[in-house]
$ cat run22.csv   # CSV, C-alpha atoms
chain,number,residue,atom,x,y,z
A,11,ASP,CA,0.0,0.0,0.0
A,12,TYR,CA,2.8,2.4,0.8
A,13,PHE,CA,4.5,1.9,-2.5
A,14,ALA,CA,1.2,2.2,-4.4
A,15,TRP,CA,0.7,5.5,-2.5
A,16,LEU,CA,4.2,6.7,-3.6
A,17,GLN,CA,3.4,5.9,-7.2
A,18,GLU,CA,0.1,7.8,-7.1
A,19,ARG,CA,1.7,10.7,-5.3
A,20,ALA,CA,4.4,11.0,-8.1
A,21,ARG,CA,1.7,10.9,-10.8
A,22,LYS,CA,-0.4,13.6,-9.1
A,23,ARG,CA,2.7,15.8,-8.5
A,24,HIS,CA,3.6,15.6,-12.1
A,25,ASP,CA,0.1,16.2,-13.5
A,26,LEU,CA,-0.5,19.2,-11.2
A,27,GLY,CA,3.0,20.6,-12.0
A,28,THR,CA,2.6,20.3,-15.8
A,29,GLU,CA,-0.9,21.8,-15.5
A,30,TYR,CA,0.4,24.7,-13.5
A,31,ILE,CA,3.2,25.4,-16.0
A,32,SER,CA,0.6,25.4,-18.9
A,33,ARG,CA,-2.0,27.5,-17.1
A,34,TYR,CA,0.4,30.1,-15.7
A,35,ALA,CA,2.9,30.5,-18.5
A,36,SER,CA,3.9,34.0,-17.3
A,37,ASP,CA,4.2,33.3,-13.6
A,38,ALA,CA,7.8,33.3,-12.4
A,39,ARG,CA,7.0,30.4,-10.0
A,40,ARG,CA,6.5,28.1,-12.9
A,41,TRP,CA,10.3,27.6,-13.0
A,42,GLU,CA,10.4,26.4,-9.4
A,43,VAL,CA,7.5,24.1,-10.1
A,44,LEU,CA,9.3,22.7,-13.1
A,45,LEU,CA,12.3,21.7,-11.0
A,46,MET,CA,10.0,19.5,-8.9
A,47,LEU,CA,9.3,17.4,-12.0
A,48,GLN,CA,12.8,16.1,-12.7
A,49,TYR,CA,12.1,12.4,-12.2
A,50,GLY,CA,9.0,12.1,-14.5
A,51,ARG,CA,5.5,10.8,-13.9
A,52,THR,CA,5.5,7.0,-13.8
A,53,HIS,CA,7.5,5.0,-11.3
A,54,ARG,CA,7.8,1.3,-10.8
A,55,LEU,CA,8.8,-0.8,-7.8
A,56,GLN,CA,12.3,-2.4,-7.9
A,57,THR,CA,13.4,-5.0,-5.4
A,58,LEU,CA,17.2,-5.3,-4.8
A,59,ARG,CA,19.1,-8.4,-4.0
A,60,ASP,CA,19.0,-7.8,-0.3
A,61,GLY,CA,15.2,-7.4,-0.4
A,62,THR,CA,15.3,-3.6,-0.2
A,63,LYS,CA,12.5,-2.0,-2.2
A,64,GLN,CA,12.8,1.3,-4.0
A,65,MET,CA,10.9,3.4,-6.6
A,66,VAL,CA,12.6,4.0,-9.9
A,67,PRO,CA,11.3,6.0,-12.9
A,68,ASP,CA,9.8,4.0,-15.8
A,69,GLU,CA,12.6,3.9,-18.3
A,70,ALA,CA,10.7,4.4,-21.6
A,71,GLU,CA,8.6,7.2,-20.3
A,72,ARG,CA,11.6,8.8,-18.5
A,73,ALA,CA,13.6,9.0,-21.8
A,74,ALA,CA,10.8,10.9,-23.5
A,75,TRP,CA,10.3,13.2,-20.5
A,76,ASP,CA,14.0,13.9,-20.2
A,77,ARG,CA,14.1,15.3,-23.8
A,78,LYS,CA,11.4,17.8,-22.9
A,79,TYR,CA,12.5,18.5,-19.3
A,80,TYR,CA,16.2,19.4,-20.1
A,81,SER,CA,15.2,21.6,-23.0
A,82,TRP,CA,12.9,23.5,-20.5
A,83,LEU,CA,15.8,23.8,-18.1
A,84,GLU,CA,17.8,25.6,-20.8
A,85,ALA,CA,14.9,27.9,-21.3
A,86,LEU,CA,14.9,28.5,-17.5
A,87,ILE,CA,18.5,29.6,-17.3
A,88,ALA,CA,17.8,32.0,-20.2
A,89,ALA,CA,14.6,33.5,-18.6
A,90,SER,CA,14.8,36.9,-17.1
A,91,ASP,CA,12.1,36.1,-14.5
A,92,ALA,CA,13.7,33.0,-13.1
A,93,HIS,CA,14.8,33.2,-9.4
A,94,ASP,CA,18.6,32.9,-8.7
A,95,ARG,CA,17.9,29.8,-6.6
A,96,ALA,CA,16.0,28.1,-9.4
A,97,ARG,CA,18.7,29.1,-12.0
A,98,ALA,CA,21.4,27.6,-9.8
A,99,GLU,CA,19.6,24.3,-9.4
A,100,ALA,CA,18.8,24.2,-13.2
A,101,LEU,CA,22.5,24.7,-14.0
A,102,ARG,CA,23.5,22.0,-11.5
A,103,GLN,CA,21.0,19.5,-13.1
A,104,LEU,CA,22.1,20.4,-16.7
A,105,ILE,CA,25.8,19.9,-15.8
A,106,ASP,CA,25.0,16.5,-14.2
A,107,HIS,CA,22.8,15.3,-17.1
A,108,GLY,CA,25.1,16.6,-19.8
A,109,ALA,CA,28.3,15.1,-18.3
A,110,LEU,CA,26.5,11.8,-17.7
A,111,SER,CA,25.3,11.6,-21.4
A,112,VAL,CA,29.0,11.9,-22.5
A,113,ARG,CA,30.1,9.2,-20.1
A,114,ARG,CA,27.3,6.9,-21.2
A,115,GLY,CA,28.3,7.4,-24.9
A,116,ASP,CA,24.9,8.8,-26.0
A,117,PRO,CA,24.9,9.5,-29.7
A,118,GLY,CA,26.4,12.9,-30.5
A,119,ALA,CA,27.0,13.7,-26.9
A,120,GLU,CA,30.8,13.7,-27.1
A,121,THR,CA,30.8,16.3,-29.9
A,122,THR,CA,28.2,18.7,-28.6
A,123,MET,CA,28.0,18.3,-24.8
A,124,PRO,CA,31.5,19.1,-23.4
A,125,ALA,CA,31.4,22.8,-24.6
A,126,LYS,CA,27.9,23.2,-23.2
A,127,VAL,CA,28.7,21.6,-19.9
A,128,LEU,CA,31.9,23.7,-19.5
A,129,GLY,CA,29.8,26.8,-20.3
A,130,TRP,CA,27.2,25.9,-17.7
A,131,MET,CA,30.0,25.3,-15.2
A,132,ASP,CA,31.5,28.7,-15.8
A,133,ARG,CA,28.1,30.4,-15.3
A,134,PHE,CA,27.5,28.5,-12.1
A,135,GLU,CA,30.8,29.6,-10.7
A,136,ARG,CA,30.2,33.2,-11.6
A,137,GLU,CA,26.7,33.3,-10.2
A,138,ASN,CA,27.4,31.1,-7.1
A,139,PRO,CA,30.8,31.9,-5.7
A,140,GLY,CA,31.7,30.0,-2.6
A,141,SER,CA,28.9,27.5,-3.2
A,142,GLY,CA,29.1,24.1,-1.5
A,143,PRO,CA,28.1,22.1,-4.6
A,144,LEU,CA,31.2,23.3,-6.5
A,145,ALA,CA,33.3,20.4,-5.3
A,146,SER,CA,30.8,17.8,-6.6
A,147,LEU,CA,30.3,19.7,-9.9
A,148,TYR,CA,34.1,19.9,-10.5
A,149,ARG,CA,34.3,16.1,-10.1
A,150,THR,CA,31.3,15.6,-12.4
A,151,VAL,CA,32.9,17.6,-15.1
A,152,ALA,CA,36.3,16.0,-14.6
A,153,MET,CA,34.8,12.5,-15.0
A,154,MET,CA,33.2,13.7,-18.3
A,155,LEU,CA,36.5,15.1,-19.5
A,156,ASN,CA,38.4,12.0,-18.4
A,157,ALA,CA,36.1,9.8,-20.5
A,158,ILE,CA,37.2,11.9,-23.5
A,159,ASP,CA,40.8,12.9,-22.8
A,160,PRO,CA,42.6,12.3,-19.4
A,161,ALA,CA,45.1,15.1,-20.2
A,162,ARG,CA,42.3,17.6,-20.7
A,163,CYS,CA,40.8,16.4,-17.4
A,164,VAL,CA,44.1,17.0,-15.6
A,165,ARG,CA,44.3,20.5,-17.0
A,166,PHE,CA,40.8,21.3,-15.9
A,167,LEU,CA,41.4,20.0,-12.3
A,168,GLN,CA,44.7,21.9,-12.0
A,169,GLU,CA,43.0,25.1,-13.2
A,170,LYS,CA,40.2,24.7,-10.7
A,171,ARG,CA,42.5,23.8,-7.8
A,172,ALA,CA,44.5,27.0,-8.4
A,173,ALA,CA,41.3,29.1,-8.3
A,174,HIS,CA,40.6,27.9,-4.7
A,175,PRO,CA,43.7,28.7,-2.6
A,176,GLY,CA,41.9,29.8,0.6
A,177,ASP,CA,41.7,27.9,3.9
A,178,ASN,CA,37.9,28.6,4.1
A,179,TYR,CA,35.0,26.3,3.2
A,180,PRO,CA,34.5,25.3,0.4
A,181,ASP,CA,38.1,26.0,-0.9
A,182,ALA,CA,39.7,23.4,1.4
A,183,GLN,CA,37.1,20.8,0.5
A,184,ILE,CA,37.4,21.5,-3.2
A,185,ARG,CA,41.2,21.1,-3.1
A,186,ASP,CA,40.8,17.8,-1.2
A,187,ARG,CA,38.3,16.4,-3.8
A,188,ILE,CA,40.4,17.6,-6.7
A,189,ASP,CA,43.6,16.0,-5.2
A,190,ARG,CA,41.8,12.7,-4.8
A,191,PHE,CA,40.6,12.7,-8.4
A,192,LEU,CA,44.0,13.7,-9.7
A,193,ARG,CA,45.4,10.6,-7.9
A,194,LEU,CA,42.7,8.5,-9.6
A,195,VAL,CA,43.5,9.8,-13.1
A,196,ALA,CA,47.3,9.3,-12.5
A,197,GLY,CA,46.5,5.7,-11.4
A,198,GLN,CA,44.9,5.1,-14.8
A,199,GLU,CA,48.3,5.8,-16.4
A,200,GLN,CA,50.3,3.5,-14.1
A,201,PRO,CA,52.0,0.3,-15.4
A,202,VAL,CA,49.8,-2.7,-14.4
A,203,ASP,CA,52.5,-4.3,-12.2
A,204,GLU,CA,52.7,-1.1,-10.1
A,205,LEU,CA,49.0,-0.9,-9.8
A,206,TRP,CA,48.9,-4.5,-8.8
A,207,GLN,CA,51.4,-3.9,-6.0
A,208,GLN,CA,49.0,-1.3,-4.6
A,209,LEU,CA,46.2,-3.9,-4.7
A,210,GLN,CA,48.4,-6.5,-3.0
A,211,ALA,CA,49.1,-3.9,-0.2
A,212,LEU,CA,45.3,-3.9,0.4
A,213,ASP,CA,44.9,-7.6,0.2
A,214,PRO,CA,47.9,-10.0,0.1
A,215,ARG,CA,45.7,-12.7,-1.5
A,216,PHE,CA,46.2,-10.9,-4.9
A,217,THR,CA,49.5,-12.7,-5.7
A,218,ASP,CA,49.2,-13.8,-9.3
A,219,VAL,CA,48.9,-11.0,-11.8
A,220,SER,CA,49.5,-13.4,-14.7
A,221,ARG,CA,45.9,-14.8,-14.6
A,222,TYR,CA,44.6,-11.4,-15.7
A,223,ARG,CA,47.1,-10.7,-18.5
A,224,GLY,CA,45.4,-10.4,-21.9
A,225,LYS,CA,42.0,-9.7,-20.3
A,226,VAL,CA,40.0,-6.6,-19.7
A,227,VAL,CA,40.0,-6.0,-15.9
A,228,LEU,CA,37.5,-3.7,-14.1
A,229,ILE,CA,38.7,-2.6,-10.7
A,230,ALA,CA,35.5,-1.6,-8.9
A,231,TRP,CA,35.9,0.5,-5.8
A,232,LEU,CA,32.6,0.2,-3.9
A,233,ALA,CA,31.0,-1.5,-0.9
A,234,VAL,CA,30.0,-5.1,-1.4
A,235,ASP,CA,26.6,-4.4,0.2
A,236,TRP,CA,25.6,-1.6,-2.1
A,237,SER,CA,23.0,-3.8,-3.7
A,238,SER,CA,22.1,-1.9,-6.9
A,239,ARG,CA,25.7,-1.4,-8.0
A,240,THR,CA,26.7,-5.0,-7.0
A,241,MET,CA,23.8,-6.3,-9.2
A,242,GLU,CA,25.1,-4.3,-12.1
A,243,LEU,CA,28.6,-5.7,-11.7
A,244,GLU,CA,27.2,-9.3,-11.6
A,245,GLU,CA,25.3,-8.6,-14.8
A,246,LEU,CA,28.4,-7.2,-16.5
A,247,TYR,CA,30.4,-10.3,-15.4
A,248,ARG,CA,27.8,-12.8,-16.7
A,249,LYS,CA,27.6,-10.9,-20.0
A,250,TYR,CA,31.3,-10.5,-20.8
A,251,HIS,CA,33.3,-13.0,-18.7
A,252,ASP,CA,33.5,-15.6,-21.5
A,253,ALA,CA,35.0,-13.0,-23.7
A,254,GLY,CA,37.9,-12.3,-21.2
A,255,PHE,CA,36.4,-9.9,-18.8
A,256,GLU,CA,37.3,-10.0,-15.1
A,257,ILE,CA,36.3,-7.9,-12.1
A,258,VAL,CA,38.4,-7.1,-9.0
A,259,GLN,CA,36.1,-5.6,-6.4
A,260,VAL,CA,37.8,-3.5,-3.7
A,261,ALA,CA,35.4,-2.8,-0.8

$ encode --input "run22.csv" --output "structure tokens"
Amino acid sequence: DYFAWLQERARKRHDLGTEYISRYASDARRWEVLLMLQYGRTHRLQTLRDGTKQMVPDEAERAAWDRKYYSWLEALIAASDAHDRARAEALRQLIDHGALSVRRGDPGAETTMPAKVLGWMDRFERENPGSGPLASLYRTVAMMLNAIDPARCVRFLQEKRAAHPGDNYPDAQIRDRIDRFLRLVAGQEQPVDELWQQLQALDPRFTDVSRYRGKVVLIAWLAVDWSSRTMELEELYRKYHDAGFEIVQVA
């Protein structure tokens, strides 16, 4: 009953929101209403491996809604009557969505999205100096750039690190997040034997690197009890293991 109520609540919120936007097309509050509709109208119940239940958007409907929703967000950030708070949230969502589309390999995203995402990032910085979300947004953009060109990712991170020299929050947090990501990017360029020595330091049972040579190895850094991600790893393993795919999971 509880999950049925959640599904109905999501449908009502979406229907009321889209009706409001249509009826009050000149009301500045329509932009804040729009931001409540990010996850679409229809949700389904998903049961994870450990029995945990959660609501997830219907995939087919969500894809169609996303095309409309993110174009509306671009209209929001260009609108003169949008509140600063609404514009900041719209920019954050556009950066997240655009960067993820590049990392997923969506058709055409790699050629069109990086410039747009970097432009949105510049605008967010100008309009929200000292904002707490900056550290997360820098990492989001860096992951996008790293998927295209690790050297470009490093240049971006170094530039952003230099722009936050203070000891105050969030400068110190930003430098810490950037330093950690720089170490991750550098690790991708390490010789495999050196990387394997680091894994052996975490768990001495990793003694034989030869069994992985000539294969594609995914090193997954995540908790073993994070059910949704663990299920995705198991699906990847089943699908590609016979073709030479291995997973080393570091919890």

$ closest_residue --input "run22.csv" --among "A:Arg54, A:Arg162, A:Arg97, A:His24" --to "Trp41 in chain A" --atoms "all atoms listed in the file"
A:Arg97

$ closest_residue --input "run22.csv" --among "A:Leu58, A:Pro143, A:Glu18, A:Asp91" --to "Arg40 in chain A" --atoms "only C-alpha atoms"
A:Asp91

$ residues_around --input "run22.csv" --residues "Lys126 in chain A" --least-positions-apart "6" --cutoff "10 Å" --atoms "all atoms listed in the file" --output "ChimeraX atom specification"
/A:104-105,108-109,132

$ closest_residue --input "run22.csv" --among "A:Asp37, A:Asp159, A:Asp213, A:Glu242" --to "Ala89 in chain A" --atoms "all atoms listed in the file"
A:Asp37

$ closest_residue --input "run22.csv" --among "A:Arg171, A:Gln103, A:Arg185, A:Val226" --to "Leu147 in chain A" --atoms "only C-alpha atoms"
A:Gln103

$ atom_distance --input "run22.csv" --atom1 "CA of Thr150 in chain A" --atom2 "CA of Asp106 in chain A"
6.6 Å

$ residues_around --input "run22.csv" --residues "Trp75 in chain A" --least-positions-apart "2" --cutoff "12 Å" --atoms "only C-alpha atoms" --output "NGL selection string"
:A and (24 or 28 or 47-52 or 67-73 or 77-82)

$ atom_distance --input "run22.csv" --atom1 "CA of Gln259 in chain A" --atom2 "CA of Tyr148 in chain A"
25.9 Å

$ residues_around --input "run22.csv" --residues "Phe166 in chain A" --least-positions-apart "3" --cutoff "10 Å" --atoms "all atoms listed in the file" --output "PyMOL selection string"
chain A and resi 128+148+151-152+155-156+160-163+169-171+188

$ residues_near_point --input "run22.csv" --point "(40.0, -4.6, -11.6)" --cutoff "6 Å" --atoms "all atoms listed in the file" --output "list in words"
Val227, Leu228, Ile229, Ile257 and Val258 of chain A

$ residues_around --input "run22.csv" --residues "Gln17 in chain A" --least-positions-apart "4" --cutoff "9 Å" --atoms "all atoms listed in the file" --output "VMD selection string"
chain A and resid 12 to 13 21 to 22 51 to 55 65

$ write_last_selection --input "run22.csv" --atoms "C-alpha atoms" --output "PDB file, keeping the file's coordinate frame"
ATOM      1  CA  TYR A  12       2.800   2.400   0.800  1.00  0.00           C
ATOM      2  CA  PHE A  13       4.500   1.900  -2.500  1.00  0.00           C
ATOM      3  CA  ARG A  21       1.700  10.900 -10.800  1.00  0.00           C
ATOM      4  CA  LYS A  22      -0.400  13.600  -9.100  1.00  0.00           C
ATOM      5  CA  ARG A  51       5.500  10.800 -13.900  1.00  0.00           C
ATOM      6  CA  THR A  52       5.500   7.000 -13.800  1.00  0.00           C
ATOM      7  CA  HIS A  53       7.500   5.000 -11.300  1.00  0.00           C
ATOM      8  CA  ARG A  54       7.800   1.300 -10.800  1.00  0.00           C
ATOM      9  CA  LEU A  55       8.800  -0.800  -7.800  1.00  0.00           C
ATOM     10  CA  MET A  65      10.900   3.400  -6.600  1.00  0.00           C
TER      11      MET A  65
END

$ closest_residue --input "run22.csv" --among "A:Val202, A:Ala96, A:Ala172, A:Leu209" --to "Arg39 in chain A" --atoms "only C-alpha atoms"
A:Ala96

$ atom_distance --input "run22.csv" --atom1 "CA of Gly140 in chain A" --atom2 "CA of Asp94 in chain A"
14.7 Å

$ residues_around --input "run22.csv" --residues "range 252-255 of chain A" --least-positions-apart "5" --cutoff "12 Å" --atoms "only C-alpha atoms" --output "PyMOL selection string"
chain A and resi 221-229+243-247

$ axis_aligned_box --input "run22.csv" --around "range 110-115 of chain A" --padding-each-side "8 Å" --output "lines of an AutoDock Vina configuration file"
center_x = 27.7
center_y = 9.4
center_z = -21.3
size_x = 20.8
size_y = 21.0
size_z = 23.2
